[in-house]
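Working notes, structure below.
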Amino acid sequence: MIPQQLIARKRDGHALSRQELEGLLNGYLQGDVGDDQMAAFLMAVYFEGLDDSELETLVDVMLRSGNVLARGRVAGPRVDKHSTGGVGDKVSIVLAPLAAEMGMVVPMMSGRSLGHTGGTLDKLESIPGFRTRVSLERFNTVLDSVGCAMVGQTDEIAPLDRRLYALRDVTATVPSLPLITASIMSKKLAESLDGLVLDVKVGSGAFLSRIEDARRLARAMVGVGRARGLAVTAVLSAMDRPLGMSVGNALEVREAVACLSGEGPDELRDLVVELAGEMALSAGLVLTLEEGRRRAGDVLAGGGALERFRRLVTAQGGTLRYSRDNYGLPVAPITKVVPANRGGLISRIDPRALGYGVIPMGGGRTRQDQDLDPSVGFELCVQVGDRVSRGDPLAIVHGASPDDLFVGARVLEDAVRIADRLAGDPLPLVLERVVSG
Ligand code: URA
């Protein structure tokens with residue numbers, strides 16, 4: 001195998017045979033194909049795509065690059081949720097303990113920030129002491145005792161995806177339908193699930209912003225699941241605005257804990273309830289989605305999910321102080337309120353601008369090996385459709401330095417638009433669902 005020949009074939013729009021693609025990917029795993037060559041190949045895939053058979057090979061090699069989780073001792077249907085990536089998306093932090101409290105076993109393996117989107121692992125790691133890198137043994141112990149565990153991909157699970165994910169993040173090759181499909185489905189197939197719910201984001205803050213592309217992505221992932229006997233439901237949800245009122249790691253954990261406590265933004269709660277309802281349906285715990293939603297809403301309101309979350313945090317080494325305003329999460333040393341420079345309607349809040357905006361403040365990465373400052377970010381005071389007067393607060397920038405506040409305020413001034421009327425109707429929170437079968 002000569003890697004550059006295969007890269008050139010893909011670059012020129014040809015399909016690779018199973019043997020060729022396997023050779024290239026395994027060569028990368030073994031160190032015979034370098035990061036530079038793989039980055040070029042990913043860019044070729046970004047432009048030329050993969051056909052069904054190439055996609056199947058990519059999923060297969062990713063999955064077989066590691067192990068498949070054993071099912072553990074705890075009884076109950078194993079169900080997980082994965083999002084295609086959004087801004088302000090802290091759903092998993094609420095959903096995993098909620099689903100566990102509803103009777104599901106949730107072996108959740110999440111990712112780090114990717115491009116302009118945040119990552120559940122980075123958010124969880126803002127909880128002092130919380131460990132997301134644990135051995136498989138520890139993962140199973142937490143799962144057996146708490147009913148849910150939230151970790152990063154262990155070395156044993158789809159290591160090829162882990163390496164490609166990090167490379168895609170810094171080479172602008174994330175927004176590719178087959179690469180997203182293989183990345184998500186290889187990890188999820190390795191979790192030995194009974195059911196999977198995918199939150200496929202639509203809108204300017206999503207990797208694939210147009211609804212037709214999101215629908216194709218949803219169908220591709222559902223199809224890969226179906227071919228391997230996994231029941232998958234995809235929910236297309238709005239990402240033309242950030243989800244909730246905060247963007248930034250510790251700020252988002254704070255909002256997630258508020259949601260578990262029966263507070264926090266309605267949209268976050270509504271999406272959590274929708275996805276928990278879908279999980280319950282795919283697990284066979286309820287007969288209709290309506291019943292699943294109702295049960296999720298009741299359990300969330302009853303406080304059991306918060307208690308489950310407290311156990312999860314402790315089991316994974318973290319400490320939160322629930323009686324404090326910030327739960328003992330890291331707090332940025334300085335903040336700045338950004339006021340409206342005119343009166344009018346909030347016509348748009350650009351999620352992508354806010355997602356990219358936390359990166360220069362240290363809340364996201366430009367290189368694979370960077371540590372993050374968990375305390376920085378944006379706390380919105382307004383939502384799309386709100387009416388404001390000149391001088392009303394639009395948002396609060398949380399920063400580590402005066403420079404951060406300056407940069408953050410500029411980002412907000414561009415991201416939050418005020419006009420005489422809405423720029424268009426905001427997308428409904430849930431647009432449609434795609435179900436296997
Ligand atoms: N989430 C993943 O796990 N992989 C992607 O490629 C995009 C979102």
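Ordering of the structure tokens sets the chain letters (A, B, ...), residue numbers begin anew at 1 in every chain, and ligands are numbered from 1 in the order given.
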Q: as a PyMOL selection string, please: all residues of segment 171-397 of chain A that backbone DSSP puts in strand (DSSP E or B).
A: chain A and resi 195-202+231-238+246-247+334-339+344-349+377-380+387-388+393-397
(Q) Quick one: residues within 12 Å of Thr335 of chain A, only C-alpha atoms, excluding same-chain residues fewer than 3 positions away - as a ChimeraX atom specification? (A) /A:331-332,338,375-379,395-406,408-409
Saved selection, atoms kept: N, CA and C atoms, as a compact mmCIF listing (two decimals), in the first residue's frame:
# COMPACT_ATOMS: atom_id res chain seq x y z
N VAL A 331 -14.86 29.71 39.31
CA VAL A 331 -15.52 30.98 38.95
C VAL A 331 -14.46 31.90 38.33
N ALA A 332 -14.80 32.55 37.23
CA ALA A 332 -13.84 33.45 36.58
C ALA A 332 -13.58 34.65 37.48
N VAL A 338 -22.50 43.15 29.20
CA VAL A 338 -22.54 43.81 27.89
C VAL A 338 -23.95 44.33 27.67
N SER A 375 -13.55 28.17 33.70
CA SER A 375 -14.43 29.20 34.28
C SER A 375 -14.94 30.22 33.27
N VAL A 376 -14.31 30.31 32.10
CA VAL A 376 -14.66 31.40 31.18
C VAL A 376 -15.89 31.07 30.33
N GLY A 377 -16.52 32.12 29.81
CA GLY A 377 -17.65 31.89 28.91
C GLY A 377 -18.65 33.02 28.93
N PHE A 378 -19.82 32.71 28.41
CA PHE A 378 -20.88 33.72 28.27
C PHE A 378 -22.13 33.28 29.01
N GLU A 379 -22.74 34.22 29.69
CA GLU A 379 -24.01 33.96 30.37
C GLU A 379 -25.02 34.92 29.73
N ALA A 395 -25.78 40.18 28.07
CA ALA A 395 -25.07 38.99 28.52
C ALA A 395 -23.95 39.40 29.45
N ILE A 396 -23.41 38.42 30.16
CA ILE A 396 -22.25 38.67 31.02
C ILE A 396 -21.09 37.84 30.49
N VAL A 397 -19.95 38.50 30.28
CA VAL A 397 -18.75 37.78 29.87
C VAL A 397 -18.00 37.38 31.14
N HIS A 398 -17.61 36.12 31.25
CA HIS A 398 -16.79 35.65 32.38
C HIS A 398 -15.39 35.41 31.82
N GLY A 399 -14.39 36.13 32.36
CA GLY A 399 -13.06 36.01 31.78
C GLY A 399 -11.97 35.90 32.84
N ALA A 400 -10.77 35.56 32.36
CA ALA A 400 -9.63 35.44 33.27
C ALA A 400 -8.82 36.72 33.30
N SER A 401 -9.04 37.62 32.31
CA SER A 401 -8.21 38.82 32.22
C SER A 401 -9.02 39.93 31.55
N PRO A 402 -8.58 41.19 31.69
CA PRO A 402 -9.27 42.29 31.00
C PRO A 402 -9.31 42.05 29.48
N ASP A 403 -8.26 41.43 28.93
CA ASP A 403 -8.26 41.12 27.50
C ASP A 403 -9.43 40.20 27.13
N ASP A 404 -9.64 39.19 27.99
CA ASP A 404 -10.76 38.26 27.74
C ASP A 404 -12.07 39.02 27.67
N LEU A 405 -12.23 39.95 28.63
CA LEU A 405 -13.50 40.68 28.68
C LEU A 405 -13.68 41.53 27.42
N PHE A 406 -12.58 42.10 26.96
CA PHE A 406 -12.63 42.92 25.76
C PHE A 406 -13.02 42.06 24.55
N GLY A 408 -14.37 39.06 24.58
CA GLY A 408 -15.70 38.47 24.78
C GLY A 408 -16.82 39.46 24.47
N ALA A 409 -16.61 40.71 24.87
CA ALA A 409 -17.66 41.72 24.63
C ALA A 409 -17.82 41.96 23.13
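With only C-alpha atoms and all ligand atoms counted, the chains near ligand 1 contribute these residues within 6 Å: A:Thr84, A:Gly85, A:Gly111, A:Val174, A:Leu179, A:Ile180, A:Ser183, A:Ile184.
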Selected residues written out, C-alpha atoms, as a short mmCIF file (atom, residue, chain, number, x, y, z; two decimals), in the first residue's frame:
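In the end it all went to result.cif:
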data_model
loop_
_atom_site.label_atom_id
_atom_site.label_comp_id
_atom_site.auth_asym_id
_atom_site.auth_seq_id
_atom_site.Cartn_x
_atom_site.Cartn_y
_atom_site.Cartn_z
CA THR A 84 -23.90 15.55 16.76
CA GLY A 85 -22.53 18.63 18.52
CA GLY A 111 -16.35 13.56 23.59
CA VAL A 174 -15.33 17.74 11.22
CA LEU A 179 -16.94 11.04 9.20
CA ILE A 180 -19.52 12.12 11.78
CA SER A 183 -17.27 8.50 14.59
CA ILE A 184 -20.52 8.42 16.52
#
Q: Could you give me, as a ChimeraX atom specification, the residues within 12 Å of Thr233 of chain A, counting only C-alpha atoms and dropping anything in the same chain fewer than 4 positions from it?
A: /A:79-83,194-200,218-226,274-283,289,432-437
Q: Determine which residues of segment 155-296 of chain A receive a DSSP assignment of helix (DSSP H, G or I), computed from the backbone, and state them as a PyMOL selection string.
A: chain A and resi 159-169+177-189+211-227+249-260+266-282+289-296
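When only C-alpha atoms are used to compute distances to Phe41 of chain A, the closest of the residues A:Ile7, A:Val202, A:Leu236, A:Ala214 turns out to be A:Ile7.
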Q) Closest to Leu177 of chain A among A:Glu101, A:Leu42, A:Asp155, A:Asp414, using only C-alpha atoms? A) A:Leu42
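Among A:Val272, A:Ala256, A:Val106, A:Ala423, the residue with the shortest atom-to-atom distance to Ser237 of chain A, counting only C-alpha atoms, is A:Val272.
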Q.
Which residue is closest to Asp369 of chain A? Choose from A:Ile157, A:Val170, A:Leu25, A:Pro107 and count only C-alpha atoms.
A. A:Val170
Q: Could you tell me which of A:Ala419, A:Val299, A:Leu306, A:Ala340 comes closest to Val257 of chain A if we count only C-alpha atoms?
A: A:Leu306
(Q) Can you pull out the residues contacting Thr171 of chain A? Cut-off 12 Å, using only C-alpha atoms, and skip same-chain residues under 3 positions away; I want them as a ChimeraX atom specification. (A) /A:35-44,46,114-115,164-168,174-175,366-368
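Proximity of A:Gly343, A:Gly76, A:Gly304, A:Gly88 to Leu285 of chain A, computed with only C-alpha atoms, is greatest for A:Gly76.
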Q: For Ala415 of chain A, list every protein, DNA or RNA residue within 9 Å, evaluated using only C-alpha atoms, and leave out those in the same chain fewer than 2 positions away; present the list as number ranges by chain.
A: A: 348-354, 410-413, 417
Q: To one decimal in Å, tell me the separation between atom CA of Gly86 of chain A and atom CA of Val247 of chain A.
A: 10.3 Å
Q. Any idea what's packed within 10 Å of Ala250 of chain A, counting only C-alpha atoms, ignoring anything in its chain fewer than 5 positions away? Could you give it as a PyMOL selection string?
A. chain A and resi 122-127+255-256+326-332+363+373-377
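Note that atom CA of Ile346 of chain A and atom CA of Val358 of chain A are 21.1 Å apart.
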**Q.** Between atom CA of Gly344 of chain A and atom CA of Asp392 of chain A - distance in Å to one decimal
**A.** 10.7 Å
Q. What's the 8 Å shell around segment 54-62 of chain A, counting only C-alpha atoms, without same-chain residues fewer than 2 positions away, as a PyMOL selection string?
A. chain A and resi 15-18+21-22+25-26+50-52+64-66+158-161+178+182-183+185-186+224
